[in-house]
Each structure stands twice: as C-alpha cells, then as structure tokens.
>>> print(open('coords_30.pdb').read())   # PDB, C-alpha atoms
ATOM      1  CA  MET A   1      56.559  96.125 102.003
ATOM      2  CA  ILE A   2      56.353  93.231  99.558
ATOM      3  CA  THR A   3      52.857  92.568  98.217
ATOM      4  CA  PHE A   4      51.456  89.059  98.095
ATOM      5  CA  GLN A   5      51.449  89.072  94.299
ATOM      6  CA  GLN A   6      55.139  90.036  94.367
ATOM      7  CA  LYS A   7      55.828  87.096  96.671
ATOM      8  CA  ILE A   8      54.191  84.737  94.194
ATOM      9  CA  LEU A   9      56.164  86.293  91.331
ATOM     10  CA  ASN A  10      59.421  85.924  93.285
ATOM     11  CA  LEU A  11      58.485  82.323  94.005
ATOM     12  CA  VAL A  12      58.153  81.552  90.291
ATOM     13  CA  LYS A  13      61.373  83.440  89.506
ATOM     14  CA  CYS A  14      63.167  81.392  92.170
ATOM     15  CA  PHE A  15      61.902  78.208  90.537
ATOM     16  CA  ARG A  16      63.101  79.371  87.128
ATOM     17  CA  ARG A  17      66.575  80.182  88.479
ATOM     18  CA  GLN A  18      66.908  76.955  90.451
ATOM     19  CA  TRP A  19      64.949  74.598  88.190
ATOM     20  CA  ARG A  20      67.609  71.868  88.489
ATOM     21  CA  LEU A  21      66.585  71.398  92.138
ATOM     22  CA  PHE A  22      62.977  70.785  91.102
ATOM     23  CA  SER A  23      63.025  68.797  87.876
ATOM     24  CA  ASN A  24      65.139  67.310  85.114
ATOM     25  CA  SER A  25      64.122  69.880  82.501
ATOM     26  CA  GLU A  26      64.237  73.657  82.317
ATOM     27  CA  ARG A  27      61.140  73.392  80.126
ATOM     28  CA  THR A  28      59.033  72.341  83.114
ATOM     29  CA  THR A  29      55.788  74.320  83.201
ATOM     30  CA  VAL A  30      54.449  76.039  86.321
ATOM     31  CA  CYS A  31      50.902  74.838  86.934
ATOM     32  CA  GLY A  32      48.754  77.666  88.315
ATOM     33  CA  ALA A  33      45.253  77.502  89.774
ATOM     34  CA  ASP A  34      43.402  77.107  86.441
ATOM     35  CA  CYS A  35      45.717  74.330  85.261
ATOM     36  CA  MET A  36      45.636  72.599  88.649
ATOM     37  CA  LEU A  37      41.840  72.514  88.556
ATOM     38  CA  MET A  38      41.780  71.272  84.968
ATOM     39  CA  ALA A  39      44.369  68.575  85.742
ATOM     40  CA  LEU A  40      42.247  67.455  88.684
ATOM     41  CA  GLN A  41      39.108  67.349  86.537
ATOM     42  CA  LEU A  42      40.808  65.198  83.895
ATOM     43  CA  SER A  43      42.303  62.955  86.581
ATOM     44  CA  MET A  44      38.910  62.469  88.231
ATOM     45  CA  ALA A  45      37.310  61.669  84.882
ATOM     46  CA  GLU A  46      40.064  59.133  84.231
ATOM     47  CA  VAL A  47      39.512  57.484  87.638
ATOM     48  CA  ASN A  48      35.738  57.476  87.074
ATOM     49  CA  LYS A  49      36.257  55.693  83.771
ATOM     50  CA  GLN A  50      38.386  53.055  85.489
ATOM     51  CA  HIS A  51      35.810  52.467  88.230
ATOM     52  CA  HIS A  52      32.517  53.158  86.449
ATOM     53  CA  GLY A  53      33.340  53.081  82.716
ATOM     54  CA  ASP A  54      32.326  56.702  82.114
ATOM     55  CA  PHE A  55      34.804  59.529  81.368
ATOM     56  CA  THR A  56      32.710  62.219  83.069
ATOM     57  CA  VAL A  57      32.684  64.043  86.389
ATOM     58  CA  SER A  58      30.282  66.592  87.871
ATOM     59  CA  LEU A  59      31.436  70.128  88.619
ATOM     60  CA  SER A  60      30.273  69.850  92.238
ATOM     61  CA  ASP A  61      32.431  66.736  92.728
ATOM     62  CA  VAL A  62      35.434  68.473  91.157
ATOM     63  CA  LEU A  63      35.108  71.524  93.418
ATOM     64  CA  GLU A  64      34.630  69.382  96.521
ATOM     65  CA  THR A  65      37.705  67.279  95.684
ATOM     66  CA  TRP A  66      39.645  70.440  94.746
ATOM     67  CA  ASN A  67      39.064  71.918  98.196
ATOM     68  CA  TYR A  68      40.010  68.649  99.895
ATOM     69  CA  LEU A  69      43.152  68.218  97.766
ATOM     70  CA  LEU A  70      44.385  71.750  98.517
ATOM     71  CA  HIS A  71      43.936  71.282 102.261
ATOM     72  CA  ASP A  72      45.709  67.932 102.034
ATOM     73  CA  LYS A  73      48.691  69.205 100.016
ATOM     74  CA  LEU A  74      49.062  72.335 102.145
ATOM     75  CA  GLY A  75      48.921  70.397 105.401
ATOM     76  CA  LEU A  76      45.794  72.203 106.557
ATOM     77  CA  SER A  77      43.115  70.580 108.682
ATOM     78  CA  TYR A  78      40.410  68.732 106.760
ATOM     79  CA  GLU A  79      38.964  66.736 109.653
ATOM     80  CA  ASN A  80      35.468  68.121 109.081
ATOM     81  CA  MET A  81      35.575  67.369 105.356
ATOM     82  CA  LYS A  82      34.283  64.154 103.862
ATOM     83  CA  GLU A  83      36.969  62.328 101.906
ATOM     84  CA  PRO A  84      35.969  62.239  98.208
ATOM     85  CA  GLU A  85      35.263  58.923  96.540
ATOM     86  CA  ASN A  86      38.423  57.120  95.355
ATOM     87  CA  TYR A  87      40.491  60.041  96.643
ATOM     88  CA  ALA A  88      43.757  58.066  96.841
ATOM     89  CA  ASP A  89      43.406  57.071  93.173
ATOM     90  CA  VAL A  90      42.486  60.633  92.168
ATOM     91  CA  LYS A  91      45.471  62.117  94.016
ATOM     92  CA  LYS A  92      47.816  59.592  92.422
ATOM     93  CA  ALA A  93      46.335  60.223  88.967
ATOM     94  CA  TYR A  94      46.679  63.991  89.474
ATOM     95  CA  HIS A  95      50.380  63.839  90.325
ATOM     96  CA  THR A  96      51.037  61.278  87.588
ATOM     97  CA  PHE A  97      49.330  63.557  85.060
ATOM     98  CA  LEU A  98      51.483  66.519  86.085
ATOM     99  CA  ALA A  99      54.657  64.434  85.988
ATOM    100  CA  LYS A 100      53.906  63.081  82.504
ATOM    101  CA  SER A 101      53.047  66.608  81.351
ATOM    102  CA  ASN A 102      56.374  67.901  82.720
ATOM    103  CA  MET A 103      54.577  70.243  85.133
ATOM    104  CA  LEU A 104      54.782  71.270  88.793
ATOM    105  CA  ASP A 105      51.958  72.979  90.649
ATOM    106  CA  LEU A 106      52.332  76.099  92.801
ATOM    107  CA  VAL A 107      51.963  74.186  96.068
ATOM    108  CA  ASP A 108      54.862  71.843  95.291
ATOM    109  CA  ILE A 109      57.062  74.720  94.112
ATOM    110  CA  CYS A 110      56.296  76.790  97.204
ATOM    111  CA  GLN A 111      56.989  73.941  99.615
ATOM    112  CA  LYS A 112      60.224  73.009  97.842
ATOM    113  CA  CYS A 113      61.501  76.596  97.776
ATOM    114  CA  TYR A 114      61.017  77.103 101.498
ATOM    115  CA  SER A 115      62.242  73.643 102.509
ATOM    116  CA  LEU A 116      65.511  74.400 100.689
ATOM    117  CA  GLY A 117      65.714  77.935 102.108
ATOM    118  CA  LEU A 118      65.807  79.511  98.655
ATOM    119  CA  LEU A 119      63.737  82.568  99.636
ATOM    120  CA  PRO A 120      64.181  85.057 102.512
ATOM    121  CA  GLU A 121      61.947  84.881 105.566
ATOM    122  CA  ASP A 122      60.131  88.121 104.758
ATOM    123  CA  GLU A 123      58.877  86.524 101.537
ATOM    124  CA  SER A 124      57.373  83.485 103.259
ATOM    125  CA  ILE A 125      53.862  82.466 102.268
ATOM    126  CA  ALA A 126      51.663  80.811 104.874
ATOM    127  CA  PRO A 127      49.682  77.736 103.755
ATOM    128  CA  VAL A 128      46.402  79.562 104.414
ATOM    129  CA  GLN A 129      47.549  82.490 102.247
ATOM    130  CA  LEU A 130      48.459  80.165  99.387
ATOM    131  CA  LEU A 131      45.109  78.405  99.745
ATOM    132  CA  GLU A 132      43.287  81.744  99.480
ATOM    133  CA  PHE A 133      45.398  82.789  96.486
ATOM    134  CA  ILE A 134      44.833  79.544  94.563
ATOM    135  CA  SER A 135      41.140  79.600  95.471
ATOM    136  CA  GLY A 136      40.852  83.172  94.178
ATOM    137  CA  ILE A 137      39.899  84.656  97.557
ATOM    138  CA  THR A 138      42.943  86.952  97.719
ATOM    139  CA  ASN A 139      42.226  88.591  94.366
ATOM    140  CA  VAL A 140      38.561  89.101  95.244
ATOM    141  CA  GLN A 141      39.434  90.771  98.540
ATOM    142  CA  GLU A 142      41.964  93.101  96.905
ATOM    143  CA  ASN A 143      39.553  94.045  94.147
ATOM    144  CA  ASN A 144      36.704  94.770  96.571
ATOM    145  CA  GLY A 145      36.738  98.525  97.102
ATOM    146  CA  SER A 146      34.179 100.910  98.513
ATOM    147  CA  VAL A 147      32.590 101.582  95.133
ATOM    148  CA  LEU A 148      28.918 100.644  95.109
ATOM    149  CA  PRO A 149      27.811  98.265  92.329
ATOM    150  CA  THR A 150      25.857  99.796  89.469
ATOM    151  CA  PRO A 151      23.030  98.160  87.517
ATOM    152  CA  SER A 152      24.183  96.209  84.480
ATOM    153  CA  THR A 153      23.347  97.744  81.089
ATOM    154  CA  GLN A 154      23.400  96.309  77.575
ATOM    155  CA  VAL A 155      26.701  98.099  76.951
ATOM    156  CA  ASP A 156      28.149  96.654  80.181
ATOM    157  CA  ARG A 157      27.072  93.149  79.211
ATOM    158  CA  GLN A 158      28.579  93.562  75.752
ATOM    159  CA  GLY A 159      31.786  94.776  77.350
ATOM    160  CA  GLN A 160      31.844  91.749  79.635
ATOM    161  CA  GLU A 161      31.403  89.422  76.666
ATOM    162  CA  ASN A 162      34.280  91.163  74.891
ATOM    163  CA  VAL A 163      36.475  90.723  77.967
ATOM    164  CA  LYS A 164      35.583  87.004  78.132
ATOM    165  CA  ALA A 165      36.416  86.577  74.448
ATOM    166  CA  SER A 166      39.706  88.406  74.950
ATOM    167  CA  ILE A 167      40.630  86.187  77.915
ATOM    168  CA  LEU A 168      39.782  83.051  75.923
ATOM    169  CA  ALA A 169      41.905  84.247  73.013
ATOM    170  CA  LYS A 170      44.838  84.996  75.322
ATOM    171  CA  LYS A 171      44.537  81.547  76.925
ATOM    172  CA  SER A 172      44.584  79.911  73.506
ATOM    173  CA  VAL A 173      47.648  81.880  72.407
ATOM    174  CA  CYS A 174      49.437  81.131  75.693
ATOM    175  CA  SER A 175      48.585  77.445  75.314
ATOM    176  CA  TYR A 176      50.150  77.358  71.831
ATOM    177  CA  LEU A 177      53.258  79.103  73.216
ATOM    178  CA  ASN A 178      53.408  76.693  76.164
ATOM    179  CA  LEU A 179      53.465  73.768  73.753
ATOM    180  CA  LEU A 180      56.422  75.317  71.949
ATOM    181  CA  VAL A 181      58.309  75.400  75.258
ATOM    182  CA  ASN A 182      57.000  72.155  76.766
ATOM    183  CA  SER A 183      55.709  69.656  74.210
ATOM    184  CA  LYS A 184      54.594  67.350  77.059
ATOM    185  CA  ASP A 185      52.091  69.939  78.338
ATOM    186  CA  ASP A 186      48.878  68.006  77.701
ATOM    187  CA  LEU A 187      46.866  70.632  79.592
ATOM    188  CA  ALA A 188      47.871  73.280  77.071
ATOM    189  CA  LEU A 189      46.857  70.895  74.301
ATOM    190  CA  ALA A 190      43.525  70.257  76.031
ATOM    191  CA  HIS A 191      42.837  74.026  75.898
ATOM    192  CA  ILE A 192      43.365  74.211  72.134
ATOM    193  CA  LEU A 193      42.489  70.687  71.049
ATOM    194  CA  ASN A 194      39.181  71.849  69.596
ATOM    195  CA  VAL A 195      40.224  75.420  68.640
ATOM    196  CA  PRO A 196      39.333  75.871  65.820
ATOM    197  CA  ASP A 197      36.449  73.410  65.986
ATOM    198  CA  ARG A 198      37.570  69.911  64.987
ATOM    199  CA  GLY A 199      34.607  68.068  66.454
ATOM    200  CA  LEU A 200      36.735  66.592  69.235
ATOM    201  CA  GLY A 201      34.955  66.118  72.554
ATOM    202  CA  ARG A 202      35.949  64.651  75.908
ATOM    203  CA  GLU A 203      35.700  61.081  74.623
ATOM    204  CA  ALA A 204      38.083  61.889  71.770
ATOM    205  CA  PHE A 205      40.522  63.475  74.201
ATOM    206  CA  THR A 206      40.651  60.441  76.473
ATOM    207  CA  ASN A 207      41.070  58.119  73.484
ATOM    208  CA  LEU A 208      43.989  60.229  72.268
ATOM    209  CA  LYS A 209      45.409  60.280  75.781
ATOM    210  CA  HIS A 210      45.292  56.489  76.085
ATOM    211  CA  ALA A 211      46.764  56.001  72.608
ATOM    212  CA  SER A 212      49.642  58.381  73.371
ATOM    213  CA  GLN A 213      50.290  56.645  76.707
ATOM    214  CA  GLU A 214      50.643  53.327  74.903
ATOM    215  CA  LYS A 215      53.323  54.965  72.748
ATOM    216  CA  LYS A 216      54.861  56.508  75.905
ATOM    217  CA  MET A 217      54.714  60.047  74.561
ATOM    218  CA  SER A 218      52.679  63.227  74.941
ATOM    219  CA  ILE A 219      49.500  63.783  72.924
ATOM    220  CA  PHE A 220      51.231  66.659  71.113
ATOM    221  CA  LEU A 221      54.053  64.399  69.894
ATOM    222  CA  PHE A 222      51.630  61.565  69.183
ATOM    223  CA  ARG A 223      49.854  63.740  66.632
ATOM    224  CA  HIS A 224      52.912  63.481  64.363
ATOM    225  CA  LEU A 225      52.301  59.729  64.129
ATOM    226  CA  GLU A 226      48.547  60.123  63.588
ATOM    227  CA  PRO A 227      48.125  63.607  62.012
ATOM    228  CA  GLU A 228      44.807  62.747  60.378
ATOM    229  CA  ILE A 229      43.169  62.620  63.849
ATOM    230  CA  PHE A 230      43.707  66.374  64.213
ATOM    231  CA  LEU A 231      42.474  67.376  60.769
TER
END
>>> encode(input="coords_30.pdb", output="structure tokens")
Amino acid sequence: MITFQQKILNLVKCFRRQWRLFSNSERTTVCGADCMLMALQLSMAEVNKQHHGDFTVSLSDVLETWNYLLHDKLGLSYENMKEPENYADVKKAYHTFLAKSNMLDLVDICQKCYSLGLLPEDESIAPVQLLEFISGITNVQENNGSVLPTPSTQVDRQGQENVKASILAKKSVCSYLNLLVNSKDDLALAHILNVPDRGLGREAFTNLKHASQEKKMSIFLFRHLEPEIFL
C-alpha cells in the first residue's frame, strides 16, 4: 500500500517529468507548506502597506488567512469562517508573488496533475488529506506513538537547540541551492537575505522588492545592479 508521503513524492516527481504542462521553465520551484506560508505573510504585509502604509502583519492574522486560503484553494467549505480583511487583494498578491518568483504551490500542482489524469487513481489525494498534510496534522498523527512523554532535562533542551540550529543551517543551504536553480526565487532570498547578518530588516526587504519590480527582475538579479546594498 502506498503511504501518503509516497503519494506526495510521486506528485512532485510527476510535476518534474511533465513540467511543460505546468509552466514555461523547468527551473520552476515547488512551493511547500513553509514557503506557502512565508509567501502569504509577505503578500499580506504588502497589501497592508498599500492600505495602511505599514509593511507589517500579525501572526494571528497570517494563520487565520492561511487557513481560509487553504480551504478556498482546495474547494473545502469555509462558510463558518470570517473572510479576512482585503482577502481578494491578498489572494491576488499571493499568486502574483509566486508567479514572479517562478514558483507553484503544492495545491496547484496537485489539482493540475489530477485534472490532466497524470497519476493513477490509487495515488489520488483528497482535498482534506492535502489540507492536513500542508497544515502539519498528518505528520503529527504519524509521529504520535504510544510512548509516554518524559520530563525535559538540560541535555534534552540542549539537544533540541542543536536540532533547531541544524534545521536552520539546512534551510539556509537549501535556499542558496534553490537560487542557483531558480534565480527568481525571492522566497529563498528572503531566507538568506540577512544570513550572515547584514542589518537588513523587513523594511529593507520591501524596499529591495519594490526597486527590483521597477526594473522588472528578481531581487537576486537586481543585486548585480546594486551590489553595495548587500554588503
């Protein structure tokens, strides 16, 4: 029996094999849950700046809009959910951001694969299953065994910090590699923009983003015109 993780892997492999049916470039990046959430956060901050003049957004607003967006894209009921403020603008900004970054999210890839009949029926993924996977519910359920939790010790906490540092390092390395493959991947650049510390905050990022948009290029390519900004 095919596991859910294998279905997701086969989905991505299908996209890689048939990329011409999805986009104009084989360098198109698959946008997973972390990147989708980050793209939404940046899009919401951009919309907030347009409406209120401030490039900020609260975490609670991001998570609320994230849940609403997933239900909307997956065609799931969201009748009992309150529509987030400026949702139409946020949704448009989100998809525009992905398009300019040469990216496709998992929901779009999944829906396209099955609408074109590219995957067998036994590998189908129900919208609710994809929602749980992107939301992290699937992984939590599979990792929940019958082992009782043990009290945290200083060694455990140190180990957890080491794991966090390792994950951060891997994300940074992967982001650099992603930029080598897809120079339009502004999300990858956002991960490493201030690694090592260059004193660049959110305001600097949005200024760079606007400047690169005026030149009709990605932030990564824009840096070649203004290299002193990144020093």
>>> resolve_selection(input="coords_30.pdb", expression="the PyMOL selection byres ((chain A and resi 102) around 7)", output="count of residues only")
9
>>> closest_residue(input="coords_30.pdb", among="A:Leu74, A:Leu180, A:Leu42, A:Met1", to="Leu59 in chain A", atoms="only C-alpha atoms")
A:Leu42
>>> residues_around(input="coords_30.pdb", residues="His52 in chain A", least_positions_apart="6", cutoff="12 Å", atoms="all atoms listed in the file", output="list in words")
Met44, Ala45, Glu46, Glu85 and Asn86 of chain A
>>> closest_atom_pairs(input="coords_30.pdb", of="range 53-151 of chain A", to="range 5-19 of chain A", cutoff="10 Å", atoms="only C-alpha atoms", output="Markdown table")
| residue | atom | partner | partner_atom | distance |
| --- | --- | --- | --- | --- |
| A:Leu106 | CA | A:Val12 | CA | 8.4 |
| A:Ile109 | CA | A:Phe15 | CA | 7.0 |
| A:Cys110 | CA | A:Leu11 | CA | 6.8 |
| A:Lys112 | CA | A:Phe15 | CA | 9.1 |
| A:Cys113 | CA | A:Phe15 | CA | 7.4 |
| A:Tyr114 | CA | A:Leu11 | CA | 9.5 |
| A:Leu118 | CA | A:Cys14 | CA | 7.3 |
| A:Leu119 | CA | A:Cys14 | CA | 7.6 |
| A:Asp122 | CA | A:Lys7 | CA | 9.2 |
| A:Glu123 | CA | A:Lys7 | CA | 5.8 |
| A:Ser124 | CA | A:Lys7 | CA | 7.7 |
| A:Ile125 | CA | A:Lys7 | CA | 7.5 |
| A:Leu130 | CA | A:Ile8 | CA | 9.0 |
| A:Phe133 | CA | A:Gln5 | CA | 9.0 |
| A:Thr138 | CA | A:Gln5 | CA | 9.4 |
| A:Asn139 | CA | A:Gln5 | CA | 9.2 |
>>> residues_around(input="coords_30.pdb", residues="Gly32 in chain A", least_positions_apart="2", cutoff="9 Å", atoms="all atoms listed in the file", output="ChimeraX atom specification")
/A:30,34-37,104-106,134
>>> closest_residue(input="coords_30.pdb", among="A:Leu116, A:Leu177, A:Ala169, A:Ala88", to="Phe22 in chain A", atoms="all atoms listed in the file")
A:Leu116
>>> atom_distance(input="coords_30.pdb", atom1="CA of Lys171 in chain A", atom2="CA of Leu131 in chain A")
23.0 Å
>>> resolve_selection(input="coords_30.pdb", expression="the PyMOL selection byres ((chain A and resi 90) around 8)", output="list of chain:residue names")
A:Leu40, A:Ser43, A:Met44, A:Val47, A:Asn86, A:Tyr87, A:Ala88, A:Asp89, A:Lys91, A:Lys92, A:Ala93, A:Tyr94
>>> write_last_selection(input="coords_30.pdb", atoms="C-alpha atoms", output="CSV table (one decimal), keeping the file's coordinate frame")
chain,number,residue,atom,x,y,z
A,40,LEU,CA,42.2,67.5,88.7
A,43,SER,CA,42.3,63.0,86.6
A,44,MET,CA,38.9,62.5,88.2
A,47,VAL,CA,39.5,57.5,87.6
A,86,ASN,CA,38.4,57.1,95.4
A,87,TYR,CA,40.5,60.0,96.6
A,88,ALA,CA,43.8,58.1,96.8
A,89,ASP,CA,43.4,57.1,93.2
A,91,LYS,CA,45.5,62.1,94.0
A,92,LYS,CA,47.8,59.6,92.4
A,93,ALA,CA,46.3,60.2,89.0
A,94,TYR,CA,46.7,64.0,89.5
>>> atom_distance(input="coords_30.pdb", atom1="CA of Lys209 in chain A", atom2="CA of Asp61 in chain A")
22.3 Å
>>> atom_distance(input="coords_30.pdb", atom1="CA of Gln111 in chain A", atom2="CA of Arg20 in chain A")
15.5 Å
